[in-house]
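J.: See entry_18.pdb below, with PDB, C-alpha atoms.
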MODEL        1
ATOM      1  CA  MET F   1       0.000   0.000   0.000
ATOM      2  CA  ILE F   2       1.325   3.435  -0.963
ATOM      3  CA  HIS F   3       0.881   6.300   1.503
ATOM      4  CA  PHE F   4       1.234   9.919   0.406
ATOM      5  CA  PRO F   5       2.170  12.856   2.668
ATOM      6  CA  ARG F   6      -0.640  13.764   5.005
ATOM      7  CA  VAL F   7      -2.862  16.736   4.352
ATOM      8  CA  SER F   8      -3.420  19.272   7.097
ATOM      9  CA  ARG F   9      -6.995  18.094   7.687
ATOM     10  CA  GLY F  10      -7.907  14.430   7.470
ATOM     11  CA  PRO F  11     -11.185  13.144   5.978
ATOM     12  CA  LEU F  12     -12.300  11.572   9.281
ATOM     13  CA  ARG F  13     -12.026  14.927  11.010
ATOM     14  CA  ALA F  14     -14.026  16.569   8.222
ATOM     15  CA  LEU F  15     -16.728  13.912   8.532
ATOM     16  CA  SER F  16     -16.892  14.386  12.295
ATOM     17  CA  VAL F  17     -17.320  18.139  11.933
ATOM     18  CA  ARG F  18     -20.148  17.662   9.431
ATOM     19  CA  LEU F  19     -21.926  15.103  11.590
ATOM     20  CA  LEU F  20     -21.738  17.379  14.605
ATOM     21  CA  ALA F  21     -23.083  20.268  12.522
ATOM     22  CA  ALA F  22     -26.017  18.141  11.318
ATOM     23  CA  LEU F  23     -26.786  17.001  14.867
ATOM     24  CA  GLY F  24     -26.619  20.554  16.159
ATOM     25  CA  LEU F  25     -28.998  21.708  13.435
ATOM     26  CA  VAL F  26     -31.514  18.965  14.328
ATOM     27  CA  LEU F  27     -31.368  19.905  18.015
ATOM     28  CA  LEU F  28     -31.898  23.577  17.152
ATOM     29  CA  ILE F  29     -35.044  22.820  15.157
ATOM     30  CA  VAL F  30     -36.326  20.512  17.920
ATOM     31  CA  GLY F  31     -35.980  23.361  20.381
ATOM     32  CA  VAL F  32     -37.774  25.815  18.084
ATOM     33  CA  VAL F  33     -40.651  23.414  17.411
ATOM     34  CA  TYR F  34     -41.019  22.379  21.038
ATOM     35  CA  LEU F  35     -41.161  25.977  22.246
ATOM     36  CA  ASP F  36     -43.941  26.695  19.721
ATOM     37  CA  ARG F  37     -45.663  23.318  20.126
ATOM     38  CA  ASP F  38     -49.078  24.954  20.645
ATOM     39  CA  GLY F  39     -48.940  26.192  17.032
ATOM     40  CA  TYR F  40     -48.859  22.673  15.620
ATOM     41  CA  ARG F  41     -51.606  20.110  15.210
ATOM     42  CA  ASP F  42     -51.144  16.398  15.473
ATOM     43  CA  VAL F  43     -53.520  13.921  13.781
ATOM     44  CA  ASN F  44     -54.158  12.457  17.219
ATOM     45  CA  GLU F  45     -54.996  15.958  18.518
ATOM     46  CA  ASP F  46     -53.257  15.228  21.831
ATOM     47  CA  GLY F  47     -50.607  17.951  21.520
ATOM     48  CA  LEU F  48     -46.890  17.716  20.734
ATOM     49  CA  THR F  49     -44.500  16.022  23.114
ATOM     50  CA  LEU F  50     -40.700  16.314  23.033
ATOM     51  CA  LEU F  51     -40.559  13.075  21.071
ATOM     52  CA  ASP F  52     -43.095  14.474  18.588
ATOM     53  CA  SER F  53     -40.868  17.534  18.196
ATOM     54  CA  PHE F  54     -37.872  15.288  17.403
ATOM     55  CA  TYR F  55     -39.980  13.322  14.947
ATOM     56  CA  TYR F  56     -41.294  16.430  13.164
ATOM     57  CA  SER F  57     -37.833  17.997  12.996
ATOM     58  CA  VAL F  58     -36.194  14.901  11.496
ATOM     59  CA  VAL F  59     -38.858  14.268   8.851
ATOM     60  CA  SER F  60     -38.977  17.963   7.952
ATOM     61  CA  LEU F  61     -35.205  18.371   7.583
ATOM     62  CA  SER F  62     -34.971  15.167   5.557
ATOM     63  CA  THR F  63     -37.784  16.509   3.301
ATOM     64  CA  THR F  64     -39.874  13.391   3.964
ATOM     65  CA  GLY F  65     -42.832  15.316   5.430
ATOM     66  CA  TYR F  66     -45.561  12.767   6.192
ATOM     67  CA  GLY F  67     -48.113  15.488   7.012
ATOM     68  CA  ASP F  68     -49.265  13.949  10.298
ATOM     69  CA  ILE F  69     -47.955  17.015  12.161
ATOM     70  CA  THR F  70     -48.679  20.401  10.571
ATOM     71  CA  PRO F  71     -48.272  24.052  11.585
ATOM     72  CA  VAL F  72     -51.708  25.663  11.985
ATOM     73  CA  THR F  73     -51.025  29.104  13.482
ATOM     74  CA  ARG F  74     -49.468  32.024  11.608
ATOM     75  CA  GLY F  75     -46.491  32.065  13.960
ATOM     76  CA  ALA F  76     -45.724  28.404  13.420
ATOM     77  CA  ARG F  77     -46.014  28.773   9.656
ATOM     78  CA  LEU F  78     -43.757  31.844   9.731
ATOM     79  CA  ILE F  79     -41.181  29.891  11.677
ATOM     80  CA  ASN F  80     -41.401  27.142   9.033
ATOM     81  CA  VAL F  81     -40.744  29.686   6.285
ATOM     82  CA  LEU F  82     -37.930  31.603   8.004
ATOM     83  CA  VAL F  83     -36.215  28.877  10.071
ATOM     84  CA  ILE F  84     -37.150  25.299   9.206
ATOM     85  CA  THR F  85     -37.041  25.610   5.403
ATOM     86  CA  PRO F  86     -33.548  27.250   5.323
ATOM     87  CA  ALA F  87     -32.429  24.670   7.878
ATOM     88  CA  ARG F  88     -33.715  21.904   5.583
ATOM     89  CA  VAL F  89     -31.577  23.264   2.719
ATOM     90  CA  LEU F  90     -28.545  23.565   5.018
ATOM     91  CA  PHE F  91     -29.073  20.024   6.278
ATOM     92  CA  LEU F  92     -29.069  18.683   2.717
ATOM     93  CA  ILE F  93     -25.921  20.639   1.930
ATOM     94  CA  ILE F  94     -24.181  19.060   4.916
ATOM     95  CA  LEU F  95     -25.217  15.533   3.895
ATOM     96  CA  VAL F  96     -24.433  15.956   0.209
ATOM     97  CA  GLY F  97     -21.204  17.798   1.026
ATOM     98  CA  THR F  98     -20.048  14.926   3.210
ATOM     99  CA  THR F  99     -20.637  12.410   0.417
ATOM    100  CA  LEU F 100     -18.922  14.646  -2.130
ATOM    101  CA  GLU F 101     -15.939  15.174   0.153
ATOM    102  CA  VAL F 102     -15.457  11.428   0.628
ATOM    103  CA  LEU F 103     -15.710  10.793  -3.104
ATOM    104  CA  THR F 104     -13.441  13.734  -3.870
ATOM    105  CA  GLU F 105     -10.821  12.495  -1.409
ATOM    106  CA  GLN F 106     -10.861   9.047  -2.989
ATOM    107  CA  TYR F 107     -10.577  10.545  -6.468
ATOM    108  CA  ARG F 108      -7.750  12.841  -5.369
ATOM    109  CA  THR F 109      -5.834   9.924  -3.853
ATOM    110  CA  ASN F 110      -6.238   7.819  -6.996
ATOM    111  CA  LEU F 111      -5.192  10.775  -9.138
ATOM    112  CA  ARG F 112      -2.058  11.383  -7.035
ATOM    113  CA  LEU F 113      -1.205   7.688  -7.237
ATOM    114  CA  THR F 114      -1.570   7.684 -11.023
ATOM    115  CA  ARG F 115       0.553  10.802 -11.426
ATOM    116  CA  TRP F 116       3.198   9.468  -9.042
ATOM    117  CA  ARG F 117       3.470   6.159 -10.886
ATOM    118  CA  ARG F 118       3.812   7.982 -14.192
ATOM    119  CA  LYS F 119       6.511  10.405 -13.025
ATOM    120  CA  VAL F 120       8.534   8.379 -10.508
ATOM    121  CA  LYS F 121      12.039   7.865 -11.894
ATOM    122  CA  ASP F 122      15.639   8.256 -10.694
ATOM    123  CA  HIS F 123      14.381   8.277  -7.118
ATOM    124  CA  VAL F 124      16.105   7.081  -3.961
ATOM    125  CA  ILE F 125      14.468   4.272  -2.000
ATOM    126  CA  ILE F 126      15.072   4.177   1.751
ATOM    127  CA  CYS F 127      14.412   0.741   3.227
ATOM    128  CA  GLY F 128      13.726   1.402   6.898
ATOM    129  CA  TYR F 129      12.625   4.612   8.596
ATOM    130  CA  GLY F 130      14.548   4.191  11.820
ATOM    131  CA  THR F 131      17.400   6.329  13.117
ATOM    132  CA  LYS F 132      19.693   5.465  10.206
ATOM    133  CA  GLY F 133      16.983   5.938   7.608
ATOM    134  CA  ARG F 134      15.930   9.325   8.954
ATOM    135  CA  SER F 135      19.569  10.461   9.106
ATOM    136  CA  ALA F 136      20.111   9.383   5.497
ATOM    137  CA  ILE F 137      17.042  11.346   4.397
ATOM    138  CA  SER F 138      18.217  14.421   6.320
ATOM    139  CA  ALA F 139      21.595  14.210   4.598
ATOM    140  CA  LEU F 140      19.924  13.975   1.187
ATOM    141  CA  LEU F 141      17.705  16.976   1.878
ATOM    142  CA  GLU F 142      20.632  19.025   3.195
ATOM    143  CA  THR F 143      22.464  18.502  -0.081
ATOM    144  CA  GLY F 144      19.482  19.828  -2.039
ATOM    145  CA  PHE F 145      17.932  16.506  -3.076
ATOM    146  CA  ASP F 146      14.254  16.834  -3.999
ATOM    147  CA  LYS F 147      11.996  15.364  -1.298
ATOM    148  CA  GLN F 148       9.544  14.253  -4.013
ATOM    149  CA  ARG F 149      12.217  11.848  -5.274
ATOM    150  CA  ILE F 150      12.634  10.109  -1.909
ATOM    151  CA  LEU F 151      10.538   7.015  -1.241
ATOM    152  CA  VAL F 152      10.423   5.108   2.043
ATOM    153  CA  VAL F 153       9.715   1.386   2.345
ATOM    154  CA  GLU F 154       8.593   0.566   5.882
ATOM    155  CA  ARG F 155       6.397  -2.088   7.481
ATOM    156  CA  ASN F 156       5.965  -0.534  10.938
ATOM    157  CA  PRO F 157       2.663   1.440  11.053
ATOM    158  CA  ASN F 158       4.050   3.989  13.528
ATOM    159  CA  ALA F 159       7.076   4.650  11.320
ATOM    160  CA  VAL F 160       4.777   4.916   8.297
ATOM    161  CA  ARG F 161       2.762   7.642  10.034
ATOM    162  CA  GLN F 162       5.947   9.487  11.007
ATOM    163  CA  ALA F 163       7.250   9.372   7.448
ATOM    164  CA  THR F 164       4.011  10.610   5.896
ATOM    165  CA  SER F 165       3.822  13.366   8.513
ATOM    166  CA  ALA F 166       7.326  14.400   7.405
ATOM    167  CA  GLY F 167       6.019  14.830   3.850
ATOM    168  CA  LEU F 168       7.424  11.608   2.381
ATOM    169  CA  VAL F 169       5.826   9.027   0.107
ATOM    170  CA  VAL F 170       5.789   5.623   1.796
ATOM    171  CA  VAL F 171       5.238   2.099   0.503
ATOM    172  CA  GLU F 172       3.964   0.078   3.448
ATOM    173  CA  GLY F 173       5.313  -3.448   3.468
ATOM    174  CA  SER F 174       8.419  -5.532   3.937
ATOM    175  CA  ALA F 175      11.419  -4.613   1.772
ATOM    176  CA  THR F 176      12.312  -8.313   1.625
ATOM    177  CA  ARG F 177       9.277  -8.961  -0.607
ATOM    178  CA  SER F 178       9.614  -8.522  -4.353
ATOM    179  CA  ALA F 179       6.037  -7.229  -4.657
ATOM    180  CA  THR F 180       6.751  -4.386  -2.227
ATOM    181  CA  LEU F 181       9.907  -3.317  -4.071
ATOM    182  CA  LYS F 182       8.144  -3.515  -7.425
ATOM    183  CA  GLU F 183       5.438  -1.235  -6.043
ATOM    184  CA  ALA F 184       8.256   1.182  -5.170
ATOM    185  CA  HIS F 185       9.376   1.054  -8.835
ATOM    186  CA  ILE F 186      12.742  -0.425  -7.935
ATOM    187  CA  GLN F 187      13.727  -0.896 -11.604
ATOM    188  CA  SER F 188      13.648   2.857 -12.303
ATOM    189  CA  ALA F 189      15.284   3.935  -9.025
ATOM    190  CA  LYS F 190      18.609   5.746  -8.877
ATOM    191  CA  SER F 191      19.820   4.020  -5.729
ATOM    192  CA  VAL F 192      18.598   2.026  -2.746
ATOM    193  CA  ILE F 193      19.661   2.750   0.821
ATOM    194  CA  ILE F 194      19.166  -0.236   3.114
ATOM    195  CA  ALA F 195      18.893   0.994   6.707
ATOM    196  CA  THR F 196      17.186  -1.835   8.533
ATOM    197  CA  ASP F 197      17.783  -2.729  12.186
ATOM    198  CA  SER F 198      19.038  -6.227  11.431
ATOM    199  CA  ASP F 199      22.019  -7.363   9.352
ATOM    200  CA  GLU F 200      20.151 -10.545   8.428
ATOM    201  CA  VAL F 201      17.263  -8.525   7.019
ATOM    202  CA  SER F 202      19.708  -6.224   5.209
ATOM    203  CA  VAL F 203      21.312  -9.193   3.462
ATOM    204  CA  LEU F 204      17.913 -10.500   2.342
ATOM    205  CA  VAL F 205      16.838  -7.056   1.097
ATOM    206  CA  THR F 206      20.134  -6.681  -0.786
ATOM    207  CA  LEU F 207      19.673 -10.048  -2.495
ATOM    208  CA  THR F 208      16.090  -9.157  -3.447
ATOM    209  CA  VAL F 209      17.107  -5.766  -4.863
ATOM    210  CA  ARG F 210      19.959  -7.277  -6.858
ATOM    211  CA  GLN F 211      17.658  -9.959  -8.263
ATOM    212  CA  LEU F 212      15.059  -7.395  -9.378
ATOM    213  CA  THR F 213      17.523  -4.889 -10.839
ATOM    214  CA  ALA F 214      20.294  -7.166 -12.146
ATOM    215  CA  GLY F 215      22.825  -4.920 -10.438
ATOM    216  CA  GLN F 216      21.777  -1.824 -12.418
ATOM    217  CA  VAL F 217      20.677   0.133  -9.320
ATOM    218  CA  ARG F 218      23.289   1.248  -6.802
ATOM    219  CA  ILE F 219      22.837  -0.377  -3.388
ATOM    220  CA  ILE F 220      24.140   1.245  -0.191
ATOM    221  CA  ALA F 221      23.675  -0.890   2.908
ATOM    222  CA  ALA F 222      24.290  -0.293   6.603
ATOM    223  CA  ALA F 223      25.731  -3.089   8.734
ATOM    224  CA  ARG F 224      25.735  -3.250  12.498
ATOM    225  CA  GLU F 225      28.699  -5.633  12.692
ATOM    226  CA  ALA F 226      31.897  -5.478  10.620
ATOM    227  CA  GLU F 227      31.913  -9.257  10.085
ATOM    228  CA  ASN F 228      28.690  -8.949   8.059
ATOM    229  CA  ALA F 229      30.070  -6.335   5.656
ATOM    230  CA  PRO F 230      31.704  -8.899   3.275
ATOM    231  CA  LEU F 231      28.448 -10.866   3.169
ATOM    232  CA  LEU F 232      26.530  -7.736   2.173
ATOM    233  CA  ARG F 233      29.044  -6.991  -0.580
ATOM    234  CA  GLN F 234      28.781 -10.549  -1.867
ATOM    235  CA  SER F 235      24.993 -10.163  -1.809
ATOM    236  CA  GLY F 236      25.238  -7.220  -4.200
ATOM    237  CA  ALA F 237      25.767  -4.080  -2.103
ATOM    238  CA  HIS F 238      28.032  -1.558  -3.846
ATOM    239  CA  HIS F 239      28.838   0.243  -0.593
ATOM    240  CA  VAL F 240      28.593  -0.979   2.997
ATOM    241  CA  ILE F 241      28.683   1.341   5.994
ATOM    242  CA  VAL F 242      29.540  -0.398   9.274
ATOM    243  CA  SER F 243      27.790   1.686  11.912
ATOM    244  CA  SER F 244      29.280   0.053  15.006
ATOM    245  CA  ALA F 245      32.859   0.126  13.694
ATOM    246  CA  THR F 246      32.527   3.731  12.518
ATOM    247  CA  ALA F 247      31.100   4.817  15.861
ATOM    248  CA  GLY F 248      33.889   2.949  17.658
ATOM    249  CA  ARG F 249      36.597   4.675  15.615
ATOM    250  CA  LEU F 250      35.065   8.075  16.310
ATOM    251  CA  LEU F 251      34.944   7.293  20.020
ATOM    252  CA  GLY F 252      38.609   6.336  19.938
ATOM    253  CA  VAL F 253      39.576   9.459  18.014
ATOM    254  CA  SER F 254      37.605  11.617  20.445
ATOM    255  CA  THR F 255      39.767  10.263  23.260
ATOM    256  CA  SER F 256      43.174  10.562  21.604
ATOM    257  CA  ALA F 257      42.540  13.698  19.502
ATOM    258  CA  PRO F 258      39.289  15.460  20.525
ATOM    259  CA  PRO F 259      39.487  18.305  17.947
ATOM    260  CA  LEU F 260      39.327  15.774  15.102
ATOM    261  CA  ILE F 261      35.750  14.915  16.071
ATOM    262  CA  ASP F 262      34.733  18.535  15.468
ATOM    263  CA  VAL F 263      36.408  18.400  12.053
ATOM    264  CA  VAL F 264      34.593  15.175  11.116
ATOM    265  CA  GLU F 265      31.220  16.523  12.256
ATOM    266  CA  ASP F 266      31.870  19.749  10.334
ATOM    267  CA  LEU F 267      32.644  17.809   7.158
ATOM    268  CA  LEU F 268      29.525  15.669   7.484
ATOM    269  CA  THR F 269      27.147  18.555   8.323
ATOM    270  CA  PRO F 270      26.330  20.802   5.329
ATOM    271  CA  GLY F 271      26.031  24.508   6.000
ATOM    272  CA  GLN F 272      28.232  24.525   9.105
ATOM    273  CA  GLY F 273      31.638  25.377   7.608
ATOM    274  CA  MET F 274      33.486  22.694   5.669
ATOM    275  CA  ALA F 275      31.816  20.018   3.568
ATOM    276  CA  LEU F 276      32.934  17.130   1.394
ATOM    277  CA  ALA F 277      32.020  17.475  -2.263
ATOM    278  CA  MET F 278      32.817  15.887  -5.599
ATOM    279  CA  ARG F 279      32.995  17.269  -9.139
ATOM    280  CA  SER F 280      34.361  16.344 -12.535
ATOM    281  CA  ALA F 281      37.846  17.526 -13.422
ATOM    282  CA  ASN F 282      37.862  20.505 -15.773
ATOM    283  CA  ARG F 283      39.609  20.289 -19.096
ATOM    284  CA  ASP F 284      42.327  22.759 -18.049
ATOM    285  CA  GLU F 285      43.006  20.702 -14.902
ATOM    286  CA  VAL F 286      43.898  17.523 -16.804
ATOM    287  CA  GLY F 287      47.637  16.844 -16.546
ATOM    288  CA  LEU F 288      48.091  18.914 -13.389
ATOM    289  CA  ALA F 289      48.943  17.605  -9.948
ATOM    290  CA  PRO F 290      45.921  17.610  -7.620
ATOM    291  CA  ARG F 291      47.882  19.372  -4.878
ATOM    292  CA  THR F 292      48.597  22.342  -7.155
ATOM    293  CA  LEU F 293      44.942  23.263  -7.578
ATOM    294  CA  LYS F 294      43.313  26.043  -5.611
ATOM    295  CA  THR F 295      40.645  23.522  -4.632
ATOM    296  CA  LEU F 296      41.634  21.402  -1.627
ATOM    297  CA  VAL F 297      41.554  17.981  -3.305
ATOM    298  CA  ILE F 298      41.847  15.005  -0.936
ATOM    299  CA  ALA F 299      41.259  12.106  -3.350
ATOM    300  CA  LEU F 300      40.448  11.141  -6.938
ATOM    301  CA  VAL F 301      37.759   8.827  -8.249
ATOM    302  CA  ARG F 302      39.082   7.107 -11.367
ATOM    303  CA  ARG F 303      36.992   4.568 -13.255
ATOM    304  CA  GLY F 304      34.779   4.087 -10.230
ATOM    305  CA  LYS F 305      37.608   3.519  -7.741
ATOM    306  CA  VAL F 306      38.912   5.914  -5.098
ATOM    307  CA  VAL F 307      42.587   6.823  -5.619
ATOM    308  CA  SER F 308      44.431   8.298  -2.636
ATOM    309  CA  LEU F 309      46.763  11.206  -3.296
ATOM    310  CA  ALA F 310      49.491   9.158  -1.597
ATOM    311  CA  GLU F 311      49.438   6.706  -4.516
ATOM    312  CA  HIS F 312      51.789   7.219  -7.441
ATOM    313  CA  SER F 313      48.920   6.985  -9.944
ATOM    314  CA  ALA F 314      47.362  10.102  -8.404
ATOM    315  CA  GLY F 315      50.325  12.254  -9.402
ATOM    316  CA  VAL F 316      48.415  13.904 -12.247
ATOM    317  CA  ILE F 317      44.753  14.342 -13.079
ATOM    318  CA  GLU F 318      43.489  12.302 -16.013
ATOM    319  CA  THR F 319      40.515  12.822 -18.306
ATOM    320  CA  GLY F 320      37.321  11.531 -16.684
ATOM    321  CA  ASP F 321      38.617  11.830 -13.122
ATOM    322  CA  MET F 322      36.308  12.992 -10.340
ATOM    323  CA  LEU F 323      37.794  15.278  -7.708
ATOM    324  CA  VAL F 324      36.880  14.742  -4.054
ATOM    325  CA  TYR F 325      37.522  18.035  -2.316
ATOM    326  CA  VAL F 326      36.698  20.119   0.745
ATOM    327  CA  ARG F 327      34.631  23.204   0.058
ATOM    328  CA  ASP F 328      33.569  26.150   2.183
ATOM    329  CA  ASP F 329      29.925  25.510   2.952
ATOM    330  CA  ARG F 330      29.095  28.525   5.080
ATOM    331  CA  PRO F 331      25.909  30.323   3.899
ATOM    332  CA  SER F 332      27.644  33.712   3.724
ATOM    333  CA  SER F 333      30.486  32.343   1.649
ATOM    334  CA  GLY F 334      28.041  30.648  -0.705
ATOM    335  CA  ALA F 335      26.174  33.914  -1.253
ATOM    336  CA  ALA F 336      29.427  35.768  -1.777
ATOM    337  CA  ALA F 337      30.595  33.201  -4.293
ATOM    338  CA  GLU F 338      27.317  33.505  -6.159
ATOM    339  CA  GLN F 339      27.672  37.293  -6.328
ATOM    340  CA  HIS F 340      31.278  36.914  -7.466
ATOM    341  CA  ARG F 341      30.094  34.788 -10.369
TER
ENDMDL
END
The structure in this file should be written as structure tokens.
T.:
Amino acid sequence: MIHFPRVSRGPLRALSVRLLAALGLVLLIVGVVYLDRDGYRDVNEDGLTLLDSFYYSVVSLSTTGYGDITPVTRGARLINVLVITPARVLFLIILVGTTLEVLTEQYRTNLRLTRWRRKVKDHVIICGYGTKGRSAISALLETGFDKQRILVVERNPNAVRQATSAGLVVVEGSATRSATLKEAHIQSAKSVIIATDSDEVSVLVTLTVRQLTAGQVRIIAAAREAENAPLLRQSGAHHVIVSSATAGRLLGVSTSAPPLIDVVEDLLTPGQGMALAMRSANRDEVGLAPRTLKTLVIALVRRGKVVSLAEHSAGVIETGDMLVYVRDDRPSSGAAAEQHR
């Protein structure tokens, strides 16, 4: 089942408001009729009780009008003209409006689903909306990635509600099932981020994704234990992030060299100061040494592999190389650079 971002006012709330309005209108007419009960005549000619007033109000507002209770005095007839008849029209509007709103909401949902299925392409699928999944989405949004191109696959109903409340499209179901991933249009995705809470589940999701995409979609998986990283790579993951090992290294660095933690956090947090970035080498940069550039290059990506500047092959930049560099990511500097351009 596909869930779209929640609207500000849900259909159940709208229905409740309309039902309360209809009930309040009925009670108002009951009060008016009961106060002027001497102006009405019953076929039994025994006067109007409170129950008779309810009965007359309901059949009048629903336009049934059996005629067994009728207004006979001028005052009662005037009240029927000025109060009960407009109330009857308003009551019908409430009932018809409720039906139209339900039908309109269903039509709108089907229309959004049709449009989404037609346009979804080159999107990023996040399998798991836990801590790691939410952090991955935050990182994507901070780098300017369009939220409309992010799709969450989650089976937990509470996590589904949180994701839709955050404005994300969610496919509810298990990412280990082929049907769920096909509903997420896995074949046309740009990449898949596997952020489940279990390494065993991550391996199964990776195998399923690789089977459905024949390795054409990039798979990034998170592993809790380092010993499971090779298994994830063998299963088809292009990149594996070991969360426990990475956290352990950072804890060790924070003890031996505390300032390095601030540098790492700065690099990983866009808009704070420094940020890691990657771009293609310009034509006039080919043949130059990476260290001679004004840009602070820290590595090269050549034919899909990372080349450290310490390696001899990274002595000069070649055609097709990607430069991994550190850029100034402060908002003021970005605005100044834009004005300079």
J.: Expanded to explicit residues, what is the PyMOL selection byres ((chain F and resi 304) around 12) for this file, as a VMD selection string?
T.: chain F and resid 238 to 239 300 to 303 305 to 307 320 to 323
J.: Please write the residues picked by the PyMOL selection byres ((chain F and resi 264) around 12) on this file as a list in words.
T.: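 That selection, the PyMOL selection byres ((chain F and resi 264) around 12), comes back as Thr246, Ala247, Arg249, Leu250, Leu251, Val253, Ser254, Ala257, Pro258, Pro259, Leu260, Ile261, Asp262, Val263, Glu265, Asp266, Leu267, Leu268, Thr269, Pro270, Gln272, Gly273, Met274, Ala275, Leu276 and Val326 of chain F.
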J.: My list of candidates is F:Val83, F:Ala22, F:Ile125, F:Ile193. Which is closest to F:Val169 when distances are computed with all atoms listed in the file?
T.: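 Closest to F:Val169 of all the choices is F:Ile125.
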J.: From the options F:Thr49, F:Gln216, F:Ser188, F:Thr176, which residue's atoms come nearest to F:Glu200, counting only C-alpha atoms?
T.: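 Selected residue with least distance to F:Glu200: F:Thr176.
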J.: Residues within 12 Å of F:Leu61, please, as a list in words. Count all atoms listed in the file; anything in the same chain fewer than 5 positions from it doesn't count.
T.: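 The neighbour list is Ala22, Leu23, Leu25, Val26, Leu27, Leu28, Ile29, Val30, Phe54, Tyr55, Tyr56, Tyr66, Asn80, Val83, Ile84, Thr85, Pro86, Ala87, Arg88, Val89, Leu90, Phe91, Leu92, Ile93, Ile94 and Leu95 of chain F.
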J.: Atom CA of F:Ser244 and atom CA of F:Arg224, how far apart in Å?
T.: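 Spanning atom CA of F:Arg224 to atom CA of F:Ser244 is a straight-line distance of 5.5 Å.
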J.: Calculate how many Å separate atom CA of F:His123 from atom CA of F:Tyr107, rounding to one decimal.
T.: 25.1 Å
J.: Which one of F:Ser280, F:Leu293, F:Val96, F:Asp199 sits closest to F:Ile241 if you count all atoms listed in the file?
T.: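 Closest to F:Ile241, using all atoms listed in the file: F:Asp199.
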J.: Please indicate the distance in Å from atom CA of F:Thr208 to atom CA of F:Asp146, rounded to one decimal place.
T.: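 Distance reported for this atom pair: 26.1 Å.
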J.: Selected by the PyMOL selection byres ((chain F and resi 211) around 12) in the shown coordinates: which residues, as a VMD selection string?
T.: chain F and resid 176 to 178 181 to 182 186 to 187 204 to 210 212 to 217 219 235 to 237
J.: Using the selection just defined, write its residues with C-alpha atoms as a compact mmCIF listing (two decimals), in the frame of the given file.
T.:
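Output contents, as saved in out-v4.txt:
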# COMPACT_ATOMS: atom_id res chain seq x y z
CA THR F 176 12.31 -8.31 1.62
CA ARG F 177 9.28 -8.96 -0.61
CA SER F 178 9.61 -8.52 -4.35
CA LEU F 181 9.91 -3.32 -4.07
CA LYS F 182 8.14 -3.52 -7.42
CA ILE F 186 12.74 -0.42 -7.94
CA GLN F 187 13.73 -0.90 -11.60
CA LEU F 204 17.91 -10.50 2.34
CA VAL F 205 16.84 -7.06 1.10
CA THR F 206 20.13 -6.68 -0.79
CA LEU F 207 19.67 -10.05 -2.50
CA THR F 208 16.09 -9.16 -3.45
CA VAL F 209 17.11 -5.77 -4.86
CA ARG F 210 19.96 -7.28 -6.86
CA LEU F 212 15.06 -7.40 -9.38
CA THR F 213 17.52 -4.89 -10.84
CA ALA F 214 20.29 -7.17 -12.15
CA GLY F 215 22.82 -4.92 -10.44
CA GLN F 216 21.78 -1.82 -12.42
CA VAL F 217 20.68 0.13 -9.32
CA ILE F 219 22.84 -0.38 -3.39
CA SER F 235 24.99 -10.16 -1.81
CA GLY F 236 25.24 -7.22 -4.20
CA ALA F 237 25.77 -4.08 -2.10
J.: Enclose all atoms of stretch 212-221 of chain F listed in the file in an axis-aligned box, grow every side by 6 Å, and hand back centre and edge lengths in Å to one decimal, as JSON.
T.:
{"center_x": 19.6, "center_y": -3.1, "center_z": -4.8, "size_x": 21.1, "size_y": 20.6, "size_z": 27.3}
J.: From the list F:Val203, F:Ser53, F:Ala223, F:Asn228, which residue is nearest F:Val242 when using only C-alpha atoms?
T.: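 Smallest separation from F:Val242 among the options: F:Ala223.
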J.: For F:Arg37, which of F:Thr104, F:Ser16, F:Gln162, F:Thr70 is the closest residue, counting only C-alpha atoms?
T.: F:Thr70
J.: Which of these, F:Val153, F:Val324, F:Leu19, F:Val120, has the shortest distance to F:Gly133 once you count only C-alpha atoms?
T.: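 Among the listed residues, F:Val153 lies closest to F:Gly133.
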J.: My structure is short of atoms at stretch 275-282 of chain F; please model N, CA and C atoms there, returning them as a short mmCIF file (atom, residue, chain, number, x, y, z; two decimals), in the coordinates of the input.
T.:
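Output file out_31.cif follows:
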data_model
loop_
_atom_site.label_atom_id
_atom_site.label_comp_id
_atom_site.auth_asym_id
_atom_site.auth_seq_id
_atom_site.Cartn_x
_atom_site.Cartn_y
_atom_site.Cartn_z
N ALA F 275 32.65 21.12 4.03
CA ALA F 275 31.82 20.02 3.57
C ALA F 275 32.56 19.26 2.48
N LEU F 276 32.37 17.95 2.46
CA LEU F 276 32.93 17.13 1.39
C LEU F 276 32.08 17.26 0.14
N ALA F 277 32.73 17.35 -1.00
CA ALA F 277 32.02 17.48 -2.26
C ALA F 277 32.81 16.76 -3.35
N MET F 278 32.16 16.57 -4.49
CA MET F 278 32.82 15.89 -5.60
C MET F 278 32.38 16.53 -6.91
N ARG F 279 33.31 16.69 -7.83
CA ARG F 279 32.99 17.27 -9.14
C ARG F 279 33.91 16.65 -10.18
N SER F 280 33.53 16.83 -11.44
CA SER F 280 34.36 16.34 -12.54
C SER F 280 35.55 17.28 -12.73
N ALA F 281 36.66 16.71 -13.14
CA ALA F 281 37.85 17.53 -13.42
C ALA F 281 37.62 18.35 -14.67
N ASN F 282 37.98 19.64 -14.62
CA ASN F 282 37.86 20.50 -15.77
C ASN F 282 38.93 20.16 -16.80
#
